[in-house]
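Undergrad: Structure provided below as structure tokens; questions to follow.
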Amino acid sequence: MQHHPLHGWRQHALIGVVLLSVAGYLGSVLWSGWAEVTAAIAQVGWAVTGVALLLSLLNYVLRFVRWQMYLAQLGHALPWREHFRIYMAGFSMTIVPGKVGETIRSVFLKAHGVDYAKSVAVFFSEQASNLISMVILAALGVWVYPAAQPFVLILSGVLIAGLVVLQQTRLLAMLDRFFQRLLPPKLAQLTHAVYTTVSHAGRCMRFPILPVGLVIGVVAWGGEGVALYFMLHSLGSDISLQTTMFIYAFSMLVGAISFLPGGLGGVEATMIGLLMYHQLDQAHAVAVTLLIRLTTLWFAIALGGLAMMQLSRHKH
């Protein structure tokens with residue numbers, strides 16, 4: 001008998017994180033004034049919220065196209081409907097502690113003949129592409145907040161170094177052979193599995209596929225930045241699109257580097273802080289942050305849950 005992938009510890013972790021998030025969001029609303037925050041949410045209105053949901057949907061579709069492109073690069077073409085369900089199901093695990101929750105896709109892809117080394121390599125390529133795209137978006141307006149410049153600069157350096165390492169196919173193969181000779185069999189097996197995954201990821205992060213993946217990433221995440229801009233302007237704020245893009249991308253980067261599930265806490269605190277730094281009053285900053293997280297992260301988790309239910313039904 002097969003277990004549902006959401007059984008056991010994952011389910012408990014998921015429930016725990018949701019409850020903590022609700023408590024955190026409720027706390028921030030009460031801290032900022034219930035009436036003021038709810039009035040600001042009402043002012044943003046259904047139309048702008050609907051546009052934000054559509055832009056988030058565009059984000060998921062574009063990232064799926066990139067995911068499919070990476071998988072095709074490694075020699076796998078799946079029927080797009082089934083594949084889209086598998087891709088979306090991964091989002092249901094976004095808030096399981098550690099971003100690796102999304103590797104649940106590997107379990108479903110295995111049934112379609114995609115081995116774990118390849119699906120994990122595609123996952124890492126996607127995460128790297130997301131990070132680089134966010135750094136590009138943050139860099140476009142980084143001078144509006146000088147304190148963020150060293151962080152963006154160091155992260156850029158680390159990502160460029162990582163990309164350079166991925167290009168060194170001969171060196172990586174040499175290191176693999178060296179470890180095979182030097183290490184005990186079990187450890188050698190583990191390092192070889194890592195080498196296989198890294199070399200697969202390298203194929204996704206090379207020219208000509210690398211810039212295509214990055215353009216998709218910048219457009220996908222930029223769309224969610226535009227949604228934040230619309231929300232701010234519906235509240236009468238005059239924060240520019242460039243600054244909004246920086247606030248969104250930088251907050252997401254802080255969330256990613258924190259390794260907290262879904263960046264929870266880190267993203268919200270950074271976004272509220274940066275919006276207030278740019279003269280937005282506290283209640284408006286909290287309202288906009290809650291709305292953008294509901295229409296991006298939590299919308300993805302809800303759609304992921306639906307996709308997971310469909311996949312489980314098919315499996316049974």
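All residue names refer to the structure tokens as shown: chains lettered A, B, ... in order, residues numbered from 1 in each chain, ligands numbered from 1 in order.
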Within 12 Å of Met276 (chain A), counting only C-alpha atoms, which residues qualify if same-chain residues fewer than 4 places away don't, as a ChimeraX atom specification?
TA: /A:237,239,247,269-272,280-289
Undergrad: Per DSSP on the backbone, filter region 94-138 of chain A down to the residues in helix (DSSP H, G or I) and report them as a count of residues only.
TA: 35
Undergrad: Could you make a table, as a tab-separated table, of the residues of region 71-161 of chain A that have an atom within 7 Å of an atom of region 304-309 of chain A, each with its nearest atom pair and distance in Å to one decimal, counting only C-alpha atoms, in chain and number order?
TA:
residue	atom	partner	partner_atom	distance
A:Arg85	CA	A:Ala307	CA	5.3
A:Met88	CA	A:Gly304	CA	4.9
A:Ala89	CA	A:Gly304	CA	4.2
A:Gly90	CA	A:Gly304	CA	6.3
A:Phe91	CA	A:Gly304	CA	4.7
A:Ser92	CA	A:Gly304	CA	4.2
Undergrad: Could you write out the selected residues, including C-alpha atoms, as a PDB file, in the first residue's frame?
TA:
ATOM      1  CA  ARG A  85       0.219  18.912 -12.180  1.00  0.00           C
ATOM      2  CA  MET A  88       2.366  22.618  -9.178  1.00  0.00           C
ATOM      3  CA  ALA A  89       2.134  19.832  -6.562  1.00  0.00           C
ATOM      4  CA  GLY A  90       5.664  20.771  -5.498  1.00  0.00           C
ATOM      5  CA  PHE A  91       4.343  24.127  -4.252  1.00  0.00           C
ATOM      6  CA  SER A  92       2.198  22.356  -1.651  1.00  0.00           C
TER       7      SER A  92
END
Undergrad: Excluding region 37-44 of chain A and any residue of its chain fewer than 3 positions from it, enumerate the residues within 10 Å of it, using only C-alpha atoms, and give them as a ChimeraX atom specification.
TA: /A:28-34,47-49,230-236,282-288,290-291
Undergrad: With a cut-off of 10 Å, could you pull out the residues of region 101-122 of chain A touching region 93-96 of chain A and give me the nearest pair of atoms for each, distance in Å to one decimal, using only C-alpha atoms, ordered by chain and ascending number, as CSV?
TA:
residue,atom,partner,partner_atom,distance
A:Gly101,CA,A:Met93,CA,4.8
A:Glu102,CA,A:Met93,CA,5.3
A:Thr103,CA,A:Met93,CA,8.4
A:Ile104,CA,A:Met93,CA,7.5
A:Arg105,CA,A:Met93,CA,9.6
Undergrad: Given only C-alpha atoms as the basis, pick out the residue of A:Ser251, A:Gln168, A:Pro261, A:Ala193 nearest to Gln180 (chain A).
TA: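 For Gln180 (chain A), the nearest of the given residues is A:Ala193.
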Undergrad: Looking at only C-alpha atoms, which of A:Leu253, A:Ala173, A:Ile86, A:Val114 is the one that sits closest to Leu155 (chain A)?
TA: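 Under the stated criterion, the closest residue is A:Leu253.
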Undergrad: Can you pull out the residues contacting region 141-152 of chain A? Cut-off 7 Å, using only C-alpha atoms, and skip same-chain residues under 6 positions away; I want them as a ChimeraX atom specification.
TA: /A:135,242-243,246
Undergrad: Would you work out the distance separating CA of Leu74 (chain A) from CA of Thr169 (chain A), expressed in Å to one decimal?
TA: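 Spanning CA of Leu74 (chain A) to CA of Thr169 (chain A) is a straight-line distance of 15.6 Å.
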Undergrad: Which neighbours of Gly222 (chain A) fall inside 9 Å, counting only C-alpha atoms, when residues of the same chain fewer than 3 positions from it are skipped, and could you give them as a PDB file with C-alpha atoms, in the first residue's frame?
TA:
ATOM      1  CA  ASN A  59       4.837  33.496 -12.599  1.00  0.00           C
ATOM      2  CA  SER A 133      16.835  36.573 -11.297  1.00  0.00           C
ATOM      3  CA  MET A 134      16.062  38.075  -7.867  1.00  0.00           C
ATOM      4  CA  LEU A 137      15.795  42.665 -10.008  1.00  0.00           C
ATOM      5  CA  GLY A 217      12.975  34.205 -14.162  1.00  0.00           C
ATOM      6  CA  VAL A 218      13.239  37.996 -14.344  1.00  0.00           C
ATOM      7  CA  VAL A 219       9.876  38.308 -16.162  1.00  0.00           C
ATOM      8  CA  GLY A 225       6.899  42.984  -8.201  1.00  0.00           C
ATOM      9  CA  VAL A 226       4.475  44.803 -10.535  1.00  0.00           C
ATOM     10  CA  ALA A 227       1.565  43.409  -8.457  1.00  0.00           C
ATOM     11  CA  MET A 245      10.950  45.969  -7.581  1.00  0.00           C
ATOM     12  CA  TYR A 248      10.086  42.892  -3.454  1.00  0.00           C
ATOM     13  CA  ALA A 249      13.242  41.166  -4.766  1.00  0.00           C
TER      14      ALA A 249
END
Undergrad: Could you check the closest approach to Pro208 (chain A) for each of A:Leu275, A:Met69, A:Ala220, A:Leu260 and tell me which residue wins, using only C-alpha atoms?
TA: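 Checking each candidate against Pro208 (chain A), we get A:Met69 as the closest.
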Undergrad: Need the shell around His112 (chain A): protein/DNA/RNA residues with any atom at most 10 Å away, counting only C-alpha atoms. Skip same-chain ones fewer than 4 positions apart. Format as a CSV table (one decimal) with N, CA and C atoms, in the first residue's frame?
TA:
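Saved the output as around26.csv:
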chain,number,residue,atom,x,y,z
A,76,HIS,N,14.3,14.5,-21.3
A,76,HIS,CA,13.0,14.0,-20.9
A,76,HIS,C,11.9,14.9,-21.4
A,77,ALA,N,10.9,14.4,-22.1
A,77,ALA,CA,9.8,15.2,-22.5
A,77,ALA,C,8.5,14.5,-22.0
A,78,LEU,N,7.8,15.2,-21.1
A,78,LEU,CA,6.6,14.6,-20.5
A,78,LEU,C,5.3,15.2,-21.1
A,79,PRO,N,4.2,14.5,-21.0
A,79,PRO,CA,2.9,15.2,-21.5
A,79,PRO,C,2.7,16.4,-20.6
A,82,GLU,N,0.1,16.4,-17.4
A,82,GLU,CA,0.5,15.6,-16.2
A,82,GLU,C,1.7,16.3,-15.5
A,83,HIS,N,2.6,16.8,-16.4
A,83,HIS,CA,3.8,17.4,-15.9
A,83,HIS,C,3.5,18.7,-15.1
A,106,SER,N,10.2,15.0,-7.5
A,106,SER,CA,11.0,13.9,-7.9
A,106,SER,C,10.3,12.5,-7.8
A,107,VAL,N,9.5,12.4,-6.7
A,107,VAL,CA,8.8,11.1,-6.4
A,107,VAL,C,7.9,10.8,-7.6
A,108,PHE,N,7.1,11.9,-8.0
A,108,PHE,CA,6.2,11.7,-9.1
A,108,PHE,C,6.9,11.5,-10.5
Undergrad: Please identify all polymer residues within 9 Å of Tyr195 (chain A), counting only C-alpha atoms, omitting same-chain residues fewer than 3 positions from it, and present them as a PyMOL selection string.
TA: chain A and resi 172-173+175-176+190-192+198-200
Undergrad: Any chance you can output those residues with N, CA and C atoms as a JSON list (two decimals), in the first residue's frame?
TA:
[["chain", "number", "residue", "atom", "x", "y", "z"],
["A", 172, "LEU", "N", 35.57, 18.79, -12.57],
["A", 172, "LEU", "CA", 34.59, 18.05, -11.75],
["A", 172, "LEU", "C", 34.74, 16.55, -11.96],
["A", 173, "ALA", "N", 34.95, 16.12, -13.23],
["A", 173, "ALA", "CA", 35.14, 14.69, -13.53],
["A", 173, "ALA", "C", 36.42, 14.18, -12.87],
["A", 175, "LEU", "N", 37.87, 15.42, -10.14],
["A", 175, "LEU", "CA", 37.60, 15.34, -8.70],
["A", 175, "LEU", "C", 36.82, 14.08, -8.35],
["A", 176, "ASP", "N", 35.83, 13.76, -9.20],
["A", 176, "ASP", "CA", 35.02, 12.55, -8.98],
["A", 176, "ASP", "C", 35.91, 11.30, -9.00],
["A", 190, "LEU", "N", 28.38, 8.09, -2.52],
["A", 190, "LEU", "CA", 27.68, 9.33, -2.21],
["A", 190, "LEU", "C", 28.25, 10.51, -3.01],
["A", 191, "THR", "N", 29.58, 10.62, -3.02],
["A", 191, "THR", "CA", 30.21, 11.74, -3.77],
["A", 191, "THR", "C", 29.94, 11.60, -5.27],
["A", 192, "HIS", "N", 29.86, 10.35, -5.76],
["A", 192, "HIS", "CA", 29.57, 10.15, -7.19],
["A", 192, "HIS", "C", 28.13, 10.59, -7.51],
["A", 198, "VAL", "N", 25.36, 17.35, -9.94],
["A", 198, "VAL", "CA", 26.02, 18.62, -10.28],
["A", 198, "VAL", "C", 26.28, 18.72, -11.78],
["A", 199, "SER", "N", 26.72, 17.61, -12.40],
["A", 199, "SER", "CA", 27.01, 17.67, -13.84],
["A", 199, "SER", "C", 25.72, 17.82, -14.65],
["A", 200, "HIS", "N", 24.61, 17.23, -14.17],
["A", 200, "HIS", "CA", 23.31, 17.43, -14.83],
["A", 200, "HIS", "C", 22.88, 18.90, -14.69]]
